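Below is the file upload.txt, which contains compact mmCIF, C-alpha atoms.
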```txt
# COMPACT_ATOMS: atom_id res chain seq x y z
CA MET A 1 91.31 121.73 72.57
CA LEU A 2 94.97 122.13 73.53
CA SER A 3 96.67 122.76 70.20
CA TYR A 4 98.42 125.48 68.22
CA ASP A 5 96.32 128.58 67.57
CA PRO A 6 97.71 130.82 64.78
CA GLY A 7 98.17 134.44 65.69
CA ASN A 8 100.48 137.47 65.63
CA SER A 9 101.12 137.98 69.33
CA LEU A 10 104.57 138.55 70.79
CA ALA A 11 104.74 134.94 71.95
CA HIS A 12 103.86 133.73 68.45
CA ARG A 13 106.83 135.62 67.00
CA LEU A 14 109.39 134.34 69.52
CA ASP A 15 111.83 131.61 68.61
CA PRO A 16 110.62 128.29 70.08
CA ARG A 17 114.02 127.76 71.71
CA ALA A 18 113.61 131.01 73.66
CA LYS A 19 110.12 129.95 74.73
CA LEU A 20 111.40 126.54 75.84
CA ALA A 21 114.12 128.25 77.88
CA VAL A 22 111.53 130.47 79.60
CA GLN A 23 109.28 127.48 80.26
CA VAL A 24 112.07 125.37 81.80
CA GLY A 25 113.39 128.30 83.81
CA PHE A 26 109.93 129.11 85.14
CA ALA A 27 109.32 125.50 86.19
CA LEU A 28 112.65 125.37 88.05
CA ALA A 29 111.98 128.71 89.76
CA ALA A 30 108.41 127.76 90.71
CA PHE A 31 109.53 124.52 92.34
CA SER A 32 112.49 126.21 94.04
CA HIS A 33 110.54 129.05 95.66
CA THR A 34 107.50 127.51 97.35
CA SER A 35 106.69 130.33 99.76
CA PRO A 36 103.60 132.51 99.26
CA ARG A 37 105.89 135.40 98.27
CA GLY A 38 107.63 133.29 95.64
CA LEU A 39 104.33 132.07 94.23
CA ALA A 40 103.03 135.66 94.14
CA ILE A 41 106.02 136.66 91.99
CA ALA A 42 105.46 133.57 89.82
CA THR A 43 101.81 134.58 89.40
CA LEU A 44 102.86 137.99 88.08
CA LEU A 45 105.22 136.29 85.63
CA VAL A 46 102.40 134.02 84.45
CA GLY A 47 100.27 137.11 83.87
CA GLY A 48 103.01 138.52 81.68
CA VAL A 49 103.27 135.26 79.74
CA LEU A 50 99.52 135.19 79.13
CA ALA A 51 99.59 138.81 78.01
CA ALA A 52 102.44 138.09 75.58
CA ALA A 53 100.44 135.17 74.18
CA ARG A 54 97.15 137.13 74.16
CA LEU A 55 95.62 134.23 76.05
CA SER A 56 92.81 134.63 78.56
CA PRO A 57 93.38 133.09 82.03
CA LEU A 58 89.96 131.46 81.78
CA VAL A 59 90.87 129.85 78.47
CA ALA A 60 94.17 128.62 79.90
CA ALA A 61 92.40 127.19 82.96
CA TRP A 62 89.87 125.47 80.70
CA GLU A 63 92.68 123.84 78.75
CA VAL A 64 94.00 122.19 81.93
CA ARG A 65 90.57 121.36 83.34
CA TYR A 66 91.34 117.64 83.44
CA ALA A 67 94.08 118.24 86.02
CA LEU A 68 92.04 120.60 88.21
CA PRO A 69 90.14 117.87 90.16
CA PHE A 70 93.44 116.30 91.22
CA LEU A 71 94.91 119.67 92.19
CA VAL A 72 91.85 120.45 94.31
CA ALA A 73 91.56 116.97 95.85
CA GLY A 74 95.07 117.08 97.34
CA PRO A 75 94.48 120.00 99.75
CA LEU A 76 90.98 118.75 100.64
CA LEU A 77 92.23 115.29 101.59
CA ALA A 78 95.16 116.76 103.52
CA ALA A 79 92.77 118.86 105.60
CA LEU A 80 90.91 115.76 106.83
CA VAL A 81 92.17 114.36 110.16
CA LEU A 82 91.16 111.28 112.14
CA ASP A 83 90.55 113.14 115.41
CA PRO A 84 88.22 116.03 116.29
CA PRO A 85 87.67 118.60 114.87
CA TRP A 86 88.08 116.26 111.83
CA VAL A 87 89.09 119.17 109.59
CA ALA A 88 92.41 121.00 110.00
CA PRO A 89 92.72 123.84 107.46
CA VAL A 90 96.36 124.40 108.45
CA GLU A 91 97.27 120.95 107.10
CA ALA A 92 95.93 121.95 103.68
CA LEU A 93 98.18 124.99 103.31
CA ALA A 94 101.29 123.21 102.01
CA PRO A 95 99.37 120.96 99.56
CA ALA A 96 97.38 123.98 98.35
CA LEU A 97 100.58 125.90 97.60
CA ALA A 98 101.97 122.84 95.80
CA SER A 99 98.80 122.47 93.71
CA TYR A 100 98.85 126.16 92.82
CA ARG A 101 102.50 125.87 91.81
CA VAL A 102 101.68 122.98 89.46
CA LEU A 103 98.77 124.98 88.04
CA LEU A 104 101.07 127.91 87.21
CA VAL A 105 103.51 125.61 85.41
CA LEU A 106 100.66 124.05 83.44
CA VAL A 107 99.35 127.48 82.39
CA VAL A 108 102.79 128.46 81.07
CA SER A 109 102.88 125.17 79.14
CA VAL A 110 99.47 125.97 77.64
CA ALA A 111 100.76 129.35 76.45
CA TYR A 112 103.69 127.61 74.77
CA VAL A 113 101.54 125.01 73.00
CA ARG A 114 98.98 127.59 71.84
CA THR A 115 101.67 129.84 70.30
CA THR A 116 104.12 127.32 68.83
CA PRO A 117 103.56 125.18 65.70
CA VAL A 118 104.35 121.51 66.12
CA ARG A 119 107.04 121.60 63.41
CA ASP A 120 108.79 124.48 65.19
CA SER A 121 108.75 122.56 68.48
CA ARG A 122 110.26 119.55 66.77
CA ALA A 123 112.92 121.69 65.08
CA ALA A 124 113.80 123.34 68.39
CA ILE A 125 114.22 120.02 70.19
CA GLN A 126 116.37 118.62 67.39
CA ARG A 127 118.55 121.75 67.50
CA ILE A 128 119.00 121.43 71.28
CA LEU A 129 119.54 117.64 71.41
CA PRO A 130 122.06 116.48 68.82
CA GLY A 131 122.09 113.22 66.90
CA ARG A 132 119.59 110.40 66.95
CA LEU A 133 118.37 111.28 70.46
CA GLY A 134 117.20 114.68 69.25
CA ARG A 135 115.45 113.17 66.25
CA LEU A 136 113.74 110.60 68.45
CA CYS A 137 112.58 113.18 71.01
CA GLY A 138 111.50 115.61 68.30
CA THR A 139 109.46 112.95 66.55
CA GLY A 140 107.88 111.87 69.82
CA VAL A 141 106.88 115.42 70.76
CA ALA A 142 105.44 116.06 67.30
CA LEU A 143 103.35 112.88 67.41
CA VAL A 144 102.10 113.56 70.94
CA PHE A 145 101.08 117.14 70.11
CA ARG A 146 99.18 115.93 67.06
CA PHE A 147 97.73 112.76 68.59
CA LEU A 148 96.41 113.95 71.97
CA PRO A 149 93.83 116.45 70.60
CA VAL A 150 92.49 113.70 68.33
CA ILE A 151 92.18 111.27 71.27
CA PHE A 152 90.33 113.86 73.36
CA ALA A 153 87.98 114.55 70.45
CA ASP A 154 87.27 110.81 70.14
CA LEU A 155 86.43 110.59 73.85
CA THR A 156 84.11 113.59 73.54
CA ARG A 157 82.31 112.00 70.58
CA ALA A 158 81.98 108.72 72.52
CA ARG A 159 80.36 110.54 75.45
CA THR A 160 78.03 112.44 73.12
CA ALA A 161 76.98 109.24 71.37
CA MET A 162 76.35 107.52 74.70
CA ARG A 163 74.16 110.39 75.90
CA ALA A 164 72.19 110.33 72.64
CA ARG A 165 71.41 106.65 73.35
CA LEU A 166 70.24 107.41 76.92
CA GLY A 167 73.53 106.15 78.29
CA SER A 168 73.38 108.83 80.97
CA GLU A 169 70.78 106.68 82.76
CA ARG A 170 73.35 103.94 83.35
CA ALA A 171 75.46 103.67 86.48
CA LEU A 172 78.56 105.85 86.70
CA GLY A 173 80.94 102.89 86.64
CA GLU A 174 79.27 101.45 83.56
CA ARG A 175 79.40 104.81 81.77
CA MET A 176 83.11 105.19 82.56
CA GLU A 177 83.77 101.68 81.26
CA LEU A 178 81.93 102.33 78.00
CA VAL A 179 83.75 105.59 77.32
CA ALA A 180 87.14 104.14 78.28
CA VAL A 181 86.72 101.05 76.09
CA ALA A 182 85.57 103.16 73.13
CA GLY A 183 88.49 105.55 73.62
CA VAL A 184 91.07 102.75 73.80
CA ARG A 185 89.67 101.07 70.68
CA ARG A 186 89.77 104.30 68.69
CA ALA A 187 93.27 105.10 69.98
CA PHE A 188 94.63 101.75 68.78
CA ALA A 189 92.81 102.11 65.47
CA ARG A 190 94.27 105.57 64.94
CA ALA A 191 97.73 104.34 65.91
CA GLU A 192 97.53 101.61 63.27
CA ARG A 193 96.40 104.10 60.63
CA LEU A 194 99.19 106.45 61.68
CA GLU A 195 101.75 103.68 61.26
CA LEU A 196 100.41 102.86 57.81
CA ALA A 197 100.43 106.54 56.80
CA LEU A 198 104.03 106.99 57.98
CA ARG A 199 105.13 103.98 55.95
CA ALA A 200 103.21 105.15 52.87
CA ARG A 201 104.93 108.54 53.08
CA CYS A 202 108.41 107.01 53.56
CA PHE A 203 108.75 108.44 57.06
CA ALA A 204 112.27 109.78 57.60
CA TRP A 205 114.19 110.43 60.79
CA ASN A 206 115.65 113.61 59.38
CA PRO A 207 112.96 115.54 57.50
CA THR A 208 113.31 119.12 56.27
CA LEU A 209 112.39 121.30 59.23
CA PRO A 210 111.79 125.06 59.37
CA VAL A 211 114.84 127.27 59.80
CA LEU A 212 115.04 128.81 63.27
CA ARG A 213 116.73 132.16 63.83
CA PHE A 214 116.96 134.31 66.93
CA SER A 215 115.89 137.93 66.50
CA ARG A 216 115.81 141.07 68.61
CA ILE A 217 112.49 140.19 70.22
CA ASP A 218 114.06 136.98 71.56
CA VAL A 219 116.61 138.89 73.63
CA PRO A 220 114.17 139.86 76.46
CA ALA A 221 112.87 136.28 76.54
CA LEU A 222 116.40 134.87 76.84
CA VAL A 223 117.24 137.41 79.53
CA LEU A 224 114.08 136.40 81.39
CA ALA A 225 115.03 132.74 81.08
CA LEU A 226 118.51 133.44 82.49
CA GLY A 227 116.94 135.42 85.31
CA LEU A 228 114.60 132.53 86.12
CA PHE A 229 117.50 130.07 86.16
CA GLY A 230 119.40 132.39 88.48
CA TRP A 231 116.36 132.83 90.71
CA ALA A 232 115.95 129.05 90.90
CA LEU A 233 119.58 128.65 92.03
CA TRP A 234 119.46 131.56 94.47
```
Represent the supplied structure as structure tokens.
Amino acid sequence: MLSYDPGNSLAHRLDPRAKLAVQVGFALAAFSHTSPRGLAIATLLVGGVLAAARLSPLVAAWEVRYALPFLVAGPLLAALVLDPPWVAPVEALAPALASYRVLLVLVVSVAYVRTTPVRDSRAAIQRILPGRLGRLCGTGVALVFRFLPVIFADLTRARTAMRARLGSERALGERMELVAVAGVRRAFARAERLELALRARCFAWNPTLPVLRFSRIDVPALVLALGLFGWALW
């Protein structure tokens, strides 16, 4: 499940603001350099990010498995043509590079989520965005990071319960409807309980957040982020 995983890797010890800068810079560079050479360089950078986070590429790919069918479907559909020979592999090249570029950005995002506590992410956003906007965005990010893993777990339990009741023998459309309805019901129920819990705890817009300080190990990350921004503009 895509959530924070405590550890002592280099990425864990970086300031979340430095990691956000690297993530944004990498996304800009990846979408600016779409050639195979540019994506090859981006792949090497992703390997370095995964090494810093001590995260296996297979684990990172598993975390974004829900997006993989869409990334694969794009090039396959682009390769289909209406005239003989019906399949044109050349037409799939550009969509395949675009899908791979999105995959690289998602993997970097996974490394950030796995190595950054939710409270640190919220504190970083509120330091970057001043005023009420920063508090609103920080609160939204914190709630999303905490809420999505719970929603995915509810959907998994709904599928398991349906299989235990021989629901796998139903038609695909009916199975999808059952899981979707159960997931939406549980999502609304959890949202209502979350609202009640926030009120009971006197939810504040400006809670006490962890103190963020840059250190020596953040310098290479900031230099990398500046290099990625420069590469994106070059």
Go through A:Ala92, A:Leu20, A:Ala158, A:Leu194 and flag the residue nearest Ser109 in chain A, using all atoms listed in the file for the distances.
->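 Once distances to Ser109 in chain A are computed over all atoms listed in the file, the minimum belongs to A:Leu20.
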12 Å contact set for Leu148 in chain A, only C-alpha atoms, chain neighbours under 4 positions out, as a PDB file with C-alpha atoms, in the frame of the given file:
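Listed below is the output, part-v1.pdb:
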```pdb
ATOM      1  CA  MET A   1      91.310 121.730  72.570  1.00  0.00           C
ATOM      2  CA  LEU A   2      94.970 122.130  73.530  1.00  0.00           C
ATOM      3  CA  SER A   3      96.670 122.760  70.200  1.00  0.00           C
ATOM      4  CA  GLY A 140     107.880 111.870  69.820  1.00  0.00           C
ATOM      5  CA  VAL A 141     106.880 115.420  70.760  1.00  0.00           C
ATOM      6  CA  ALA A 142     105.440 116.060  67.300  1.00  0.00           C
ATOM      7  CA  LEU A 143     103.350 112.880  67.410  1.00  0.00           C
ATOM      8  CA  VAL A 144     102.100 113.560  70.940  1.00  0.00           C
ATOM      9  CA  PHE A 152      90.330 113.860  73.360  1.00  0.00           C
ATOM     10  CA  ALA A 153      87.980 114.550  70.450  1.00  0.00           C
ATOM     11  CA  ASP A 154      87.270 110.810  70.140  1.00  0.00           C
ATOM     12  CA  LEU A 155      86.430 110.590  73.850  1.00  0.00           C
ATOM     13  CA  GLY A 183      88.490 105.550  73.620  1.00  0.00           C
ATOM     14  CA  ALA A 187      93.270 105.100  69.980  1.00  0.00           C
ATOM     15  CA  ARG A 190      94.270 105.570  64.940  1.00  0.00           C
ATOM     16  CA  ALA A 191      97.730 104.340  65.910  1.00  0.00           C
TER      17      ALA A 191
END
```
Counting only C-alpha atoms, closest pick from A:Pro36, A:Pro220, A:Gly47, A:Gly173 relative to Ala94 in chain A is A:Pro36
Quick one: everything within 12 Å of Ala40 in chain A, counting all atoms listed in the file, minus sequence neighbours fewer than 5 positions away in the same chain. Send it as a VMD selection string.
-> chain A and resid 30 33 to 35 45 to 47 97 100 to 101 104
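Between CA of Arg213 in chain A and CA of Gly138 in chain A the separation is 17.9 Å.
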Which residue out of A:Leu233, A:Ala180, A:Ala197, A:Leu44 has the minimum interatomic distance to Thr156 in chain A when all atoms listed in the file are used?
-> A:Ala180
Å distance separating CA of Ala221 in chain A from CA of Ala21 in chain A, one decimal place |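 Going from CA of Ala221 in chain A over to CA of Ala21 in chain A covers 8.2 Å.
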Six-sided padding of 6 Å per side, axis-aligned box over range 6-24 of chain A, centre and edges in Å, one decimal, as lines of an AutoDock Vina configuration file:
```
center_x = 105.9
center_y = 132.0
center_z = 73.3
size_x = 28.4
size_y = 25.2
size_z = 29.0
```
Interatomic distance between CA of Leu76 in chain A and CA of Val107 in chain A?
->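 CA of Leu76 in chain A sits 21.9 Å away from CA of Val107 in chain A.
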Could you give me, as an MDAnalysis selection string, the residues within 10 Å of Val179 in chain A, counting all atoms listed in the file and dropping anything in the same chain fewer than 2 positions from it?
-> chainID A and resid 154:162 174:177 181:185
Option closest in space to Val64 in chain A, from A:Leu93, A:Val108, A:Leu222, A:Arg122 [counting all atoms listed in the file] =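 Among A:Leu93, A:Val108, A:Leu222, A:Arg122, it is A:Val108 that comes nearest to Val64 in chain A.
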Pick the closest to Pro6 in chain A from A:Leu68, A:Val59, A:Ala18, A:Val118: which is it, counting all atoms listed in the file?
->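 So, comparing all the options, the nearest one is A:Val118.
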Using all atoms listed in the file, the shortest atom-to-atom distance to Gln126 in chain A among A:Ala11, A:Val87, A:Val211, A:Pro149 belongs to A:Val211
Could you add whatever atoms are missing so that range 119-150 of chain A carries N, CA and C atoms, then write the result as a JSON list (two decimals), in the frame of the given file?
```
[["chain", "number", "residue", "atom", "x", "y", "z"],
["A", 119, "ARG", "N", 105.78, 121.75, 64.16],
["A", 119, "ARG", "CA", 107.04, 121.60, 63.41],
["A", 119, "ARG", "C", 108.14, 122.46, 64.03],
["A", 120, "ASP", "N", 107.78, 123.63, 64.54],
["A", 120, "ASP", "CA", 108.79, 124.48, 65.19],
["A", 120, "ASP", "C", 109.27, 123.85, 66.49],
["A", 121, "SER", "N", 108.35, 123.24, 67.24],
["A", 121, "SER", "CA", 108.75, 122.56, 68.48],
["A", 121, "SER", "C", 109.71, 121.41, 68.17],
["A", 122, "ARG", "N", 109.38, 120.66, 67.14],
["A", 122, "ARG", "CA", 110.26, 119.55, 66.77],
["A", 122, "ARG", "C", 111.63, 120.07, 66.32],
["A", 123, "ALA", "N", 111.65, 121.13, 65.53],
["A", 123, "ALA", "CA", 112.92, 121.69, 65.08],
["A", 123, "ALA", "C", 113.74, 122.20, 66.26],
["A", 124, "ALA", "N", 113.08, 122.82, 67.23],
["A", 124, "ALA", "CA", 113.80, 123.34, 68.39],
["A", 124, "ALA", "C", 114.43, 122.22, 69.20],
["A", 125, "ILE", "N", 113.69, 121.15, 69.41],
["A", 125, "ILE", "CA", 114.22, 120.02, 70.19],
["A", 125, "ILE", "C", 115.39, 119.37, 69.47],
["A", 126, "GLN", "N", 115.28, 119.23, 68.15],
["A", 126, "GLN", "CA", 116.37, 118.62, 67.39],
["A", 126, "GLN", "C", 117.59, 119.54, 67.31],
["A", 127, "ARG", "N", 117.40, 120.86, 67.44],
["A", 127, "ARG", "CA", 118.55, 121.75, 67.50],
["A", 127, "ARG", "C", 119.24, 121.65, 68.87],
["A", 128, "ILE", "N", 118.44, 121.46, 69.92],
["A", 128, "ILE", "CA", 119.00, 121.43, 71.28],
["A", 128, "ILE", "C", 119.67, 120.09, 71.56],
["A", 129, "LEU", "N", 119.00, 118.98, 71.18],
["A", 129, "LEU", "CA", 119.54, 117.64, 71.41],
["A", 129, "LEU", "C", 120.15, 117.13, 70.12],
["A", 130, "PRO", "N", 121.43, 116.91, 70.08],
["A", 130, "PRO", "CA", 122.06, 116.48, 68.82],
["A", 130, "PRO", "C", 121.86, 115.00, 68.55],
["A", 131, "GLY", "N", 122.05, 114.63, 67.28],
["A", 131, "GLY", "CA", 122.09, 113.22, 66.90],
["A", 131, "GLY", "C", 120.73, 112.54, 66.91],
["A", 132, "ARG", "N", 120.79, 111.23, 67.02],
["A", 132, "ARG", "CA", 119.59, 110.40, 66.95],
["A", 132, "ARG", "C", 118.64, 110.64, 68.13],
["A", 133, "LEU", "N", 119.22, 110.99, 69.29],
["A", 133, "LEU", "CA", 118.37, 111.28, 70.46],
["A", 133, "LEU", "C", 117.47, 112.46, 70.18],
["A", 134, "GLY", "N", 118.01, 113.52, 69.58],
["A", 134, "GLY", "CA", 117.20, 114.68, 69.25],
["A", 134, "GLY", "C", 116.12, 114.36, 68.24],
["A", 135, "ARG", "N", 116.45, 113.55, 67.24],
["A", 135, "ARG", "CA", 115.45, 113.17, 66.25],
["A", 135, "ARG", "C", 114.34, 112.33, 66.88],
["A", 136, "LEU", "N", 114.73, 111.43, 67.79],
["A", 136, "LEU", "CA", 113.74, 110.60, 68.45],
["A", 136, "LEU", "C", 112.81, 111.44, 69.33],
["A", 137, "CYS", "N", 113.40, 112.32, 70.14],
["A", 137, "CYS", "CA", 112.58, 113.18, 71.01],
["A", 137, "CYS", "C", 111.72, 114.14, 70.20],
["A", 138, "GLY", "N", 112.28, 114.71, 69.14],
["A", 138, "GLY", "CA", 111.50, 115.61, 68.30],
["A", 138, "GLY", "C", 110.33, 114.92, 67.65],
["A", 139, "THR", "N", 110.55, 113.72, 67.15],
["A", 139, "THR", "CA", 109.46, 112.95, 66.55],
["A", 139, "THR", "C", 108.40, 112.61, 67.58],
["A", 140, "GLY", "N", 108.84, 112.21, 68.77],
["A", 140, "GLY", "CA", 107.88, 111.87, 69.82],
["A", 140, "GLY", "C", 107.02, 113.05, 70.23],
["A", 141, "VAL", "N", 107.65, 114.21, 70.39],
["A", 141, "VAL", "CA", 106.88, 115.42, 70.76],
["A", 141, "VAL", "C", 105.90, 115.79, 69.66],
["A", 142, "ALA", "N", 106.32, 115.71, 68.42],
["A", 142, "ALA", "CA", 105.44, 116.06, 67.30],
["A", 142, "ALA", "C", 104.23, 115.13, 67.25],
["A", 143, "LEU", "N", 104.46, 113.83, 67.45],
["A", 143, "LEU", "CA", 103.35, 112.88, 67.41],
["A", 143, "LEU", "C", 102.40, 113.08, 68.58],
["A", 144, "VAL", "N", 102.96, 113.34, 69.77],
["A", 144, "VAL", "CA", 102.10, 113.56, 70.94],
["A", 144, "VAL", "C", 101.24, 114.80, 70.75],
["A", 145, "PHE", "N", 101.84, 115.90, 70.30],
["A", 145, "PHE", "CA", 101.08, 117.14, 70.11],
["A", 145, "PHE", "C", 99.97, 116.96, 69.08],
["A", 146, "ARG", "N", 100.19, 116.13, 68.08],
["A", 146, "ARG", "CA", 99.18, 115.93, 67.06],
["A", 146, "ARG", "C", 98.16, 114.86, 67.46],
["A", 147, "PHE", "N", 98.57, 113.91, 68.29],
["A", 147, "PHE", "CA", 97.73, 112.76, 68.59],
["A", 147, "PHE", "C", 96.78, 113.03, 69.76],
["A", 148, "LEU", "N", 97.25, 113.74, 70.79],
["A", 148, "LEU", "CA", 96.41, 113.95, 71.97],
["A", 148, "LEU", "C", 95.10, 114.69, 71.66],
["A", 149, "PRO", "N", 95.12, 115.81, 70.91],
["A", 149, "PRO", "CA", 93.83, 116.45, 70.60],
["A", 149, "PRO", "C", 92.86, 115.52, 69.89],
["A", 150, "VAL", "N", 93.36, 114.64, 69.03],
["A", 150, "VAL", "CA", 92.49, 113.70, 68.33],
["A", 150, "VAL", "C", 91.88, 112.70, 69.31]]
```
